[in-house]
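Enquirer: Data: coords_21.cif, mmCIF, C-alpha atoms and all ligand atoms.
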```cif
data_target
#
loop_
_atom_site.label_atom_id
_atom_site.label_comp_id
_atom_site.auth_asym_id
_atom_site.auth_seq_id
_atom_site.Cartn_x
_atom_site.Cartn_y
_atom_site.Cartn_z
CA MET T 1 -40.84 -33.70 -26.56
CA THR T 2 -42.87 -36.31 -28.35
CA VAL T 3 -46.46 -36.37 -29.52
CA SER T 4 -48.46 -39.19 -31.02
CA THR T 5 -52.01 -39.67 -32.10
CA PRO T 6 -53.95 -42.69 -33.27
CA ASP T 7 -55.58 -41.76 -36.57
CA PHE T 8 -58.91 -42.53 -38.20
CA THR T 9 -57.19 -44.48 -40.97
CA PRO T 10 -58.91 -47.85 -41.43
CA ASP T 11 -55.88 -49.39 -43.14
CA ASN T 12 -53.01 -49.76 -40.65
CA ALA T 13 -50.56 -50.15 -43.52
CA LEU T 14 -50.32 -46.37 -43.72
CA GLN T 15 -49.34 -46.14 -40.06
CA ASP T 16 -46.32 -48.34 -40.65
CA HIS T 17 -44.97 -45.92 -43.23
CA ASP T 18 -41.31 -45.01 -42.71
CA PRO T 19 -40.98 -41.19 -42.37
CA SER T 20 -37.65 -41.36 -44.23
CA GLU T 21 -39.68 -42.19 -47.36
CA GLN T 22 -41.52 -38.89 -47.13
CA ALA T 23 -39.92 -37.56 -50.29
CA VAL T 24 -41.51 -40.29 -52.40
CA GLN T 25 -44.75 -40.81 -50.49
CA ARG T 26 -46.61 -37.58 -49.77
CA TYR T 27 -49.92 -37.57 -47.93
CA PRO T 28 -52.61 -34.87 -48.24
CA VAL T 29 -52.69 -32.11 -45.64
CA ILE T 30 -55.73 -29.94 -44.89
CA CYS T 31 -55.24 -26.85 -42.69
CA ILE T 32 -58.06 -25.25 -40.74
CA ASP T 33 -56.86 -22.02 -39.11
CA GLY T 34 -58.72 -19.23 -37.37
CA PRO T 35 -59.50 -17.60 -34.03
CA SER T 36 -60.85 -19.23 -30.90
CA GLY T 37 -64.46 -20.41 -31.15
CA ALA T 38 -64.67 -20.07 -34.94
CA GLY T 39 -65.60 -23.77 -35.19
CA LYS T 40 -62.22 -25.14 -36.32
CA GLY T 41 -62.26 -28.15 -33.98
CA THR T 42 -65.77 -29.10 -35.06
CA VAL T 43 -65.04 -29.10 -38.79
CA THR T 44 -61.57 -30.64 -38.31
CA TRP T 45 -63.04 -33.61 -36.45
CA ARG T 46 -65.69 -34.23 -39.13
CA LEU T 47 -63.15 -34.03 -41.95
CA ALA T 48 -60.70 -36.39 -40.22
CA GLN T 49 -63.46 -38.90 -39.56
CA ALA T 50 -64.88 -38.74 -43.09
CA LEU T 51 -61.46 -39.05 -44.72
CA GLY T 52 -59.78 -41.47 -42.28
CA TYR T 53 -56.99 -38.93 -41.73
CA GLN T 54 -55.00 -38.13 -38.61
CA LEU T 55 -56.06 -35.09 -36.64
CA LEU T 56 -53.66 -32.47 -35.27
CA ASP T 57 -55.16 -30.24 -32.58
CA SER T 58 -52.22 -27.85 -32.40
CA GLY T 59 -54.03 -25.60 -29.92
CA ALA T 60 -54.00 -28.51 -27.48
CA LEU T 61 -50.19 -28.58 -27.65
CA TYR T 62 -49.96 -24.90 -26.72
CA ARG T 63 -52.63 -25.37 -24.04
CA ILE T 64 -50.68 -28.23 -22.43
CA VAL T 65 -47.46 -26.21 -22.41
CA GLY T 66 -49.37 -23.22 -20.96
CA LEU T 67 -51.00 -25.35 -18.27
CA LYS T 68 -47.77 -27.11 -17.33
CA ALA T 69 -45.93 -23.76 -17.23
CA PHE T 70 -48.61 -22.39 -14.91
CA GLU T 71 -48.45 -25.49 -12.68
CA ALA T 72 -44.65 -25.13 -12.54
CA GLY T 73 -45.07 -21.56 -11.29
CA LEU T 74 -43.58 -20.04 -14.46
CA LEU T 75 -46.58 -17.75 -15.06
CA GLY T 76 -47.00 -16.56 -11.45
CA ALA T 77 -50.00 -17.20 -9.22
CA ASP T 78 -52.31 -15.10 -11.42
CA GLY T 79 -50.77 -16.23 -14.73
CA CYS T 80 -49.40 -12.74 -15.33
CA GLN T 81 -45.75 -12.68 -14.25
CA ASP T 82 -42.88 -12.10 -16.71
CA ILE T 83 -42.19 -15.50 -18.26
CA ASP T 84 -38.77 -17.15 -18.61
CA GLU T 85 -38.74 -18.43 -22.22
CA GLN T 86 -35.83 -20.81 -21.60
CA ALA T 87 -37.64 -22.43 -18.68
CA VAL T 88 -40.79 -22.91 -20.77
CA LEU T 89 -38.68 -24.41 -23.55
CA ALA T 90 -37.06 -26.90 -21.14
CA LEU T 91 -40.49 -27.87 -19.83
CA THR T 92 -41.81 -28.28 -23.40
CA GLN T 93 -38.92 -30.57 -24.35
CA GLY T 94 -39.75 -32.89 -21.43
CA LEU T 95 -43.34 -33.53 -22.48
CA ASP T 96 -44.59 -36.80 -23.95
CA ILE T 97 -48.06 -36.19 -25.38
CA VAL T 98 -50.57 -38.72 -26.71
CA PHE T 99 -53.82 -37.67 -28.41
CA VAL T 100 -56.68 -40.16 -28.27
CA PRO T 101 -59.74 -39.42 -30.43
CA ASN T 102 -62.89 -39.32 -28.27
CA GLU T 103 -66.04 -40.02 -30.31
CA ALA T 104 -68.33 -38.74 -27.54
CA SER T 105 -66.76 -35.28 -27.28
CA GLY T 106 -65.68 -34.95 -30.91
CA ARG T 107 -62.22 -33.87 -29.75
CA VAL T 108 -59.01 -35.61 -28.70
CA ASP T 109 -58.41 -36.67 -25.12
CA ILE T 110 -54.89 -35.79 -24.02
CA ILE T 111 -52.39 -37.89 -22.08
CA VAL T 112 -49.25 -36.10 -20.86
CA ASN T 113 -46.33 -38.12 -19.52
CA GLY T 114 -48.71 -41.02 -18.92
CA ASP T 115 -51.43 -39.04 -17.10
CA ALA T 116 -54.78 -38.06 -18.59
CA VAL T 117 -55.30 -34.29 -18.67
CA GLY T 118 -58.85 -33.33 -17.72
CA GLU T 119 -61.30 -31.01 -19.46
CA GLN T 120 -59.66 -28.13 -17.58
CA VAL T 121 -57.18 -27.82 -20.43
CA ARG T 122 -60.03 -26.63 -22.70
CA ASN T 123 -61.20 -23.70 -20.56
CA GLU T 124 -60.62 -20.02 -21.37
CA THR T 125 -58.13 -19.55 -18.52
CA VAL T 126 -55.83 -22.20 -19.98
CA GLY T 127 -56.45 -20.75 -23.46
CA GLY T 128 -55.02 -17.51 -22.04
CA TYR T 129 -51.95 -19.30 -20.64
CA ALA T 130 -51.48 -20.94 -24.05
CA SER T 131 -51.52 -17.62 -25.89
CA LYS T 132 -48.92 -16.21 -23.45
CA ILE T 133 -46.37 -18.97 -24.03
CA ALA T 134 -47.27 -19.10 -27.76
CA VAL T 135 -45.41 -15.81 -28.32
CA PHE T 136 -42.03 -17.49 -27.68
CA PRO T 137 -40.12 -18.37 -30.89
CA LYS T 138 -38.08 -21.15 -29.21
CA VAL T 139 -41.22 -22.85 -27.90
CA ARG T 140 -42.89 -22.57 -31.32
CA GLN T 141 -39.77 -24.01 -32.96
CA ALA T 142 -39.78 -26.97 -30.56
CA LEU T 143 -43.39 -27.68 -31.53
CA LEU T 144 -42.88 -27.09 -35.26
CA THR T 145 -40.92 -30.21 -36.26
CA LEU T 146 -43.10 -32.34 -34.10
CA GLN T 147 -46.25 -31.09 -35.82
CA GLN T 148 -44.73 -31.52 -39.27
CA LYS T 149 -43.83 -35.15 -38.49
CA MET T 150 -47.51 -35.89 -38.05
CA ALA T 151 -48.02 -35.53 -41.80
CA SER T 152 -45.64 -38.40 -42.47
CA ARG T 153 -47.93 -41.29 -41.49
CA SER T 154 -51.19 -40.61 -43.30
CA GLY T 155 -53.40 -37.77 -44.49
CA LEU T 156 -53.72 -35.02 -41.90
CA VAL T 157 -56.29 -32.42 -40.90
CA ALA T 158 -54.55 -29.76 -38.81
CA ASP T 159 -56.35 -27.16 -36.68
CA GLY T 160 -54.59 -24.04 -35.37
CA ARG T 161 -53.41 -20.50 -36.07
CA ASP T 162 -50.33 -21.00 -38.26
CA MET T 163 -50.98 -24.35 -39.93
CA GLY T 164 -51.32 -22.87 -43.43
CA THR T 165 -48.75 -20.07 -43.03
CA VAL T 166 -45.84 -21.74 -41.18
CA VAL T 167 -46.26 -25.40 -40.29
CA PHE T 168 -47.64 -26.73 -43.61
CA PRO T 169 -47.03 -23.98 -46.21
CA ASP T 170 -47.41 -26.56 -49.02
CA ALA T 171 -50.70 -27.98 -47.75
CA ASP T 172 -53.22 -29.20 -50.31
CA VAL T 173 -56.11 -27.27 -48.72
CA LYS T 174 -56.04 -24.18 -46.50
CA VAL T 175 -59.11 -22.69 -44.87
CA PHE T 176 -59.21 -19.69 -42.56
CA LEU T 177 -62.42 -19.97 -40.57
CA THR T 178 -63.58 -16.84 -38.75
CA ALA T 179 -66.67 -15.53 -36.97
CA SER T 180 -67.36 -12.25 -35.21
CA ALA T 181 -66.12 -12.04 -31.62
CA LYS T 182 -69.77 -11.70 -30.54
CA ALA T 183 -70.81 -14.91 -32.34
CA ARG T 184 -67.84 -16.77 -30.86
CA ALA T 185 -68.60 -15.54 -27.34
CA GLU T 186 -72.24 -16.62 -27.76
CA ARG T 187 -71.07 -20.09 -28.79
CA ARG T 188 -68.88 -20.34 -25.68
CA VAL T 189 -71.80 -19.27 -23.49
CA THR T 190 -74.01 -21.96 -25.05
CA GLN T 191 -71.23 -24.53 -24.65
CA LEU T 192 -70.78 -23.70 -20.94
CA LEU T 193 -74.52 -23.61 -20.20
CA ASN T 194 -74.98 -26.97 -21.96
CA ALA T 195 -72.23 -28.37 -19.72
CA GLY T 196 -74.17 -27.20 -16.65
CA GLN T 197 -71.74 -24.35 -15.91
CA THR T 198 -72.36 -20.63 -15.47
CA ALA T 199 -71.30 -18.16 -18.15
CA ASP T 200 -70.77 -14.40 -18.18
CA PHE T 201 -71.11 -13.19 -21.77
CA GLU T 202 -69.25 -9.88 -21.28
CA ALA T 203 -66.33 -11.56 -19.47
CA ILE T 204 -66.05 -14.24 -22.16
CA LEU T 205 -66.20 -11.62 -24.93
CA ALA T 206 -63.39 -9.63 -23.25
CA THR T 207 -61.22 -12.76 -22.90
CA ILE T 208 -61.76 -13.74 -26.53
CA LYS T 209 -60.82 -10.24 -27.72
CA ALA T 210 -57.68 -10.19 -25.54
CA ARG T 211 -56.59 -13.58 -26.91
CA ASP T 212 -57.29 -12.49 -30.52
CA GLU T 213 -55.20 -9.36 -29.95
CA ARG T 214 -52.24 -11.36 -28.61
CA ASP T 215 -52.47 -14.09 -31.27
CA GLU T 216 -52.81 -11.67 -34.20
CA ASN T 217 -50.07 -9.26 -33.14
CA ARG T 218 -47.24 -11.47 -31.91
CA ALA T 219 -44.02 -11.24 -33.92
CA THR T 220 -43.63 -14.98 -34.60
CA ALA T 221 -46.27 -16.90 -36.57
CA PRO T 222 -49.18 -14.52 -35.90
CA SER T 223 -52.69 -15.77 -36.53
CA LYS T 224 -53.56 -14.72 -40.09
CA PRO T 225 -54.87 -16.32 -43.27
CA ALA T 226 -52.36 -17.83 -45.68
CA LYS T 227 -52.36 -16.01 -49.02
CA ASP T 228 -53.85 -19.09 -50.68
CA ALA T 229 -56.48 -19.84 -48.01
CA LEU T 230 -60.24 -19.91 -48.45
CA LEU T 231 -61.72 -17.30 -46.09
CA LEU T 232 -64.95 -18.50 -44.53
CA ASP T 233 -66.98 -16.43 -42.05
CA SER T 234 -69.15 -18.77 -39.99
CA SER T 235 -70.95 -16.03 -37.98
CA CYS T 236 -74.24 -16.79 -39.74
CA LEU T 237 -73.60 -20.43 -40.71
CA ASP T 238 -74.43 -23.49 -38.65
CA ALA T 239 -71.84 -26.25 -38.22
CA ASP T 240 -73.40 -28.43 -40.96
CA SER T 241 -73.23 -25.58 -43.49
CA VAL T 242 -69.60 -24.89 -42.59
CA TYR T 243 -68.73 -28.56 -43.04
CA ALA T 244 -70.57 -28.74 -46.38
CA GLN T 245 -68.70 -25.68 -47.72
CA VAL T 246 -65.30 -26.90 -46.52
CA LYS T 247 -65.93 -30.40 -47.88
CA LYS T 248 -66.89 -28.97 -51.29
CA TYR T 249 -63.72 -26.84 -51.29
CA CYS T 250 -61.60 -29.89 -50.43
CA GLN T 251 -63.23 -31.82 -53.29
CA ASP T 252 -62.51 -28.93 -55.66
CA LYS T 253 -58.87 -29.23 -54.57
CA GLY T 254 -58.81 -32.95 -55.44
CA ILE T 255 -59.48 -34.56 -52.03
CA CYS T 256 -61.67 -37.67 -52.42
CA PHE T 257 -64.42 -38.46 -49.93
CA ASN T 258 -66.04 -41.90 -49.88
CA ASN T 259 -69.17 -40.60 -48.14
N1 LIG C 301 -70.98 -22.92 -37.21
C1 LIG C 301 -71.28 -23.00 -35.93
N2 LIG C 301 -72.37 -22.38 -35.44
C2 LIG C 301 -72.65 -22.43 -34.11
N3 LIG C 301 -71.91 -23.08 -33.19
C3 LIG C 301 -70.81 -23.71 -33.62
C4 LIG C 301 -70.43 -23.71 -35.00
N4 LIG C 301 -69.29 -24.41 -35.13
C5 LIG C 301 -68.96 -24.84 -33.89
N5 LIG C 301 -69.88 -24.43 -32.99
C6 LIG C 301 -69.87 -24.62 -31.55
O1 LIG C 301 -69.06 -23.55 -31.04
C7 LIG C 301 -68.20 -24.01 -29.99
C8 LIG C 301 -66.74 -23.78 -30.39
O2 LIG C 301 -66.47 -24.61 -31.52
P1 LIG C 301 -65.04 -25.27 -31.73
O3 LIG C 301 -64.55 -25.83 -30.45
O4 LIG C 301 -65.14 -26.15 -32.91
O5 LIG C 301 -64.19 -23.96 -32.08
P2 LIG C 301 -62.62 -23.79 -32.22
O6 LIG C 301 -62.41 -22.80 -33.31
O7 LIG C 301 -61.97 -25.10 -32.36
O8 LIG C 301 -62.23 -23.14 -30.82
P3 LIG C 301 -60.82 -23.22 -30.04
O9 LIG C 301 -59.81 -22.63 -30.94
O10 LIG C 301 -61.01 -22.37 -28.83
O11 LIG C 301 -60.56 -24.66 -29.71
C9 LIG C 301 -68.56 -25.48 -29.77
O12 LIG C 301 -69.52 -25.56 -28.74
C10 LIG C 301 -69.20 -25.91 -31.10
O13 LIG C 301 -70.15 -26.94 -30.93
N1 LIG C 302 -51.16 -23.32 -34.17
C1 LIG C 302 -51.45 -22.71 -33.00
C2 LIG C 302 -52.46 -23.15 -32.18
C3 LIG C 302 -52.71 -22.49 -31.01
N2 LIG C 302 -51.93 -21.45 -30.65
C4 LIG C 302 -52.09 -20.78 -29.38
O1 LIG C 302 -52.79 -21.60 -28.44
C5 LIG C 302 -53.98 -20.97 -27.97
C6 LIG C 302 -55.03 -22.02 -27.76
O2 LIG C 302 -55.46 -22.51 -29.01
P1 LIG C 302 -56.94 -23.15 -29.25
O3 LIG C 302 -57.02 -23.37 -30.72
O4 LIG C 302 -56.98 -24.41 -28.48
O5 LIG C 302 -57.94 -22.17 -28.75
C7 LIG C 302 -54.29 -19.91 -29.03
O6 LIG C 302 -55.00 -18.79 -28.50
C8 LIG C 302 -52.90 -19.50 -29.49
O7 LIG C 302 -52.32 -18.54 -28.66
C9 LIG C 302 -50.95 -21.02 -31.49
O8 LIG C 302 -50.24 -20.03 -31.20
N3 LIG C 302 -50.71 -21.65 -32.66
#
```
Once you've parsed the file, please lay out its structure as structure tokens.
Ligand SMILES: Nc1ncnc2c1ncn2[C@@H]1O[C@H](COP(=O)(O)OP(=O)(O)OP(=O)(O)O)[C@@H](O)[C@H]1O
Ligand SMILES: Nc1ccn([C@@H]2O[C@H](COP(=O)(O)O)[C@@H](O)[C@H]2O)c(=O)n1
Expert:
Amino acid sequence: MTVSTPDFTPDNALQDHDPSEQAVQRYPVICIDGPSGAGKGTVTWRLAQALGYQLLDSGALYRIVGLKAFEAGLLGADGCQDIDEQAVLALTQGLDIVFVPNEASGRVDIIVNGDAVGEQVRNETVGGYASKIAVFPKVRQALLTLQQKMASRSGLVADGRDMGTVVFPDADVKVFLTASAKARAERRVTQLLNAGQTADFEAILATIKARDERDENRATAPSKPAKDALLLDSSCLDADSVYAQVKKYCQDKGICFNN
């Protein structure tokens, strides 16, 4: 499996950096972990843009594997059959993933084995597939090295569940962004209605809670704050306030912003 992402770095010199020099040249890493809908993607995008860092949307990796496993029939027609870990691993190893920052959506567009993956990958159903395959240690291991390599080209802002605990334990900044399940479900409803789709609050709330339960209680790399993470509850904060608080925390940790 390979993954690549163009970064926001204005100076291409950093992109030509040889990963074998990593021991002498270390770039800053900022981890934004937390549950679905907490606002991680929103703050991660703004930080990466402001700092000219690369962006790692690790949830997208798990979503792609979940979607491809479903399409290959590995999850059953309703996404609920017993899953063959080895088959998901083999599928994962065959993926070539490119992330392309999309200014309009404020997220990365995803190209898998040369084909653009549509917005479908972002829906709650695929989020559910992702959390089912995310329990497998071999799949997580296959994604681990790949994610770590992304910190070898420039500064990195990484969004996920285990960025601060497992993938980048020595990160310069770790934030665990939460919000109540109700606030997160309300955000999803707003997001869907704004996109001209229908939304059932109770159904969305139930799906969010089921995903939280699976992500927080799996044996390997469960979703939890790193011991040295800033805990930030965004239930009553708008996106600008979250960004301002995270930016200030990054500055306190020695990260320099030019704007
Ligand atoms: N602080 C906030 N207050 C209200 N809405 C927010 C806030 N932060 C983000 N949002 C909105 O909530 C929705 C979910 O945000 P976002 O995609 O950033 O969350 P996420 O944690 O990355 O979710 P996921 O893990 O499922 O990708 C988006 O529509 C976003 O615009
Ligand atoms: N570091 C990560 C990131 C994600 N997952 C799993 O993928 C699901 C989808 O993630 P989103 O951030 O895109 O919502 C998530 O529910 C996790 O099961 C993970 O395990 N580790």
Enquirer: Residues up to 9 Å from ligand LIG 301 (chain C), counting all atoms listed in the file: could you list those as JSON, numbers by chain?
Expert: {"T": [32, 33, 34, 35, 36, 37, 38, 39, 40, 41, 42, 43, 44, 45, 57, 59, 60, 107, 122, 123, 124, 127, 159, 160, 161, 177, 178, 179, 183, 184, 185, 186, 187, 188, 189, 190, 191, 192, 194, 208, 234, 235, 236, 237, 238, 239, 240, 241, 242, 243]}
Enquirer: Name all residues at most 10 Å from Asp162 of chain T (count all atoms listed in the file; drop same-chain ones fewer than 2 positions away) and give them as a short mmCIF file (atom, residue, chain, number, x, y, z; two decimals) with C-alpha atoms, in the coordinates of the input.
Expert:
```
data_model
loop_
_atom_site.label_atom_id
_atom_site.label_comp_id
_atom_site.auth_asym_id
_atom_site.auth_seq_id
_atom_site.Cartn_x
_atom_site.Cartn_y
_atom_site.Cartn_z
CA CYS T 31 -55.24 -26.85 -42.69
CA ILE T 32 -58.06 -25.25 -40.74
CA ASP T 33 -56.86 -22.02 -39.11
CA GLY T 34 -58.72 -19.23 -37.37
CA SER T 58 -52.22 -27.85 -32.40
CA ALA T 158 -54.55 -29.76 -38.81
CA ASP T 159 -56.35 -27.16 -36.68
CA GLY T 160 -54.59 -24.04 -35.37
CA GLY T 164 -51.32 -22.87 -43.43
CA THR T 165 -48.75 -20.07 -43.03
CA VAL T 166 -45.84 -21.74 -41.18
CA VAL T 167 -46.26 -25.40 -40.29
CA PHE T 168 -47.64 -26.73 -43.61
CA PRO T 169 -47.03 -23.98 -46.21
CA PHE T 176 -59.21 -19.69 -42.56
CA THR T 220 -43.63 -14.98 -34.60
CA ALA T 221 -46.27 -16.90 -36.57
CA PRO T 222 -49.18 -14.52 -35.90
CA SER T 223 -52.69 -15.77 -36.53
CA LYS T 224 -53.56 -14.72 -40.09
CA PRO T 225 -54.87 -16.32 -43.27
CA ALA T 226 -52.36 -17.83 -45.68
#
```
Enquirer: I'd like to know which of T:Pro28, T:Arg46, T:Val139, T:Thr92 is closest to Ser105 of chain T, using all atoms listed in the file.
Expert: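 For Ser105 of chain T, the nearest of the candidates is T:Arg46.
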Enquirer: By how many Å are atom CA of Arg214 of chain T and atom CA of Met163 of chain T apart?
Expert: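 Interatomic distance, atom CA of Arg214 of chain T to atom CA of Met163 of chain T: 17.3 Å.
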Enquirer: Just how far from atom CA of Ser152 of chain T is atom CA of Ala50 of chain T, in Å to one decimal?
Expert: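 Computed distance, atom CA of Ala50 of chain T to atom CA of Ser152 of chain T, equals 19.3 Å.
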Enquirer: Val88 of chain T: which residues within 8 Å, counting all atoms listed in the file, same-chain residues fewer than 2 positions away excluded, as a list of chain:residue names?
Expert: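 Residues near the query, excluding close chain neighbours: T:Val65, T:Ala69, T:Leu74, T:Ile83, T:Asp84, T:Glu85, T:Gln86, T:Ala90, T:Leu91, T:Thr92, T:Ile133, T:Val139.
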Enquirer: Report as AutoDock Vina command-line options the centre and the edge lengths, in Å to one decimal, of the axis-aligned box holding every listed atom of ligand LIG 302 (chain C), padded by 5 Å on each side.
Expert:
```
--center_x -54.1 --center_y -21.5 --center_z -31.0 --size_x 17.7 --size_y 15.9 --size_z 16.4
```
Enquirer: Calculate how many Å separate atom CA of Ala244 of chain T from atom CA of Pro101 of chain T, rounding to one decimal.
Expert: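 Distance reported for this atom pair: 22.0 Å.
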Enquirer: Identify which of the residues T:Leu61, T:Asp78, T:Ala130, T:Thr125 lies closest to Asp109 of chain T, counting all atoms listed in the file when measuring atom-to-atom distances.
Expert: T:Leu61
Enquirer: For each of T:Lys248, T:Lys68, T:Lys132, T:Arg63, take the minimum atom-to-atom distance to Asp215 of chain T, counting all atoms listed in the file, then give the residue where this is smallest.
Expert: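 Checking each candidate against Asp215 of chain T, we get T:Lys132 as the closest.
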Enquirer: Tell me which of T:Gln81, T:Thr198, T:Ser131, T:Ser180 sits closest to ligand LIG 302 (chain C), counting only C-alpha atoms and all ligand atoms.
Expert: T:Ser131
Enquirer: Restricting the calculation to all atoms listed in the file: of T:Ile64, T:Ala206, T:Cys256, T:Ala142, which residue gets closest to ligand LIG 302 (chain C)?
Expert: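 That would be T:Ile64, the residue with the smallest distance to ligand LIG 302 (chain C).
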Enquirer: Return the single residue from T:Gly66, T:Gly118, T:Gly106, T:Gly254 that is closest to ligand LIG 302 (chain C), with distances computed using only C-alpha atoms and all ligand atoms.
Expert: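 The answer is T:Gly66, which sits nearest to ligand LIG 302 (chain C).
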Enquirer: If you count all atoms listed in the file, which residues fall within 7 Å of Val112 of chain T, apart from same-chain ones fewer than 5 positions away, as a ChimeraX atom specification?
Expert: /T:95-98,117
Enquirer: Select all residues near (-49.1, -36.4, -49.5) (cut-off 8 Å, inclusive, file coordinates), counting only C-alpha atoms, and output them as a list in words.
Expert: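 Counting only C-alpha atoms, I find these residues within 8 Å of (-49.1, -36.4, -49.5): Gln25, Arg26, Tyr27, Pro28, Val29, Ala151, Ser154 and Gly155 of chain T.
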Enquirer: Counting only C-alpha atoms, find the residues whose atoms lie at most 12 Å from (-59.4, -29.9, -55.5) (file coordinates) and write them out as a list in words.
Expert: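 Within the cut-off we find Pro28, Ile30, Ala171, Asp172, Val173, Lys174, Val246, Lys247, Lys248, Tyr249, Cys250, Gln251, Asp252, Lys253, Gly254, Ile255, Cys256 and Phe257 of chain T.
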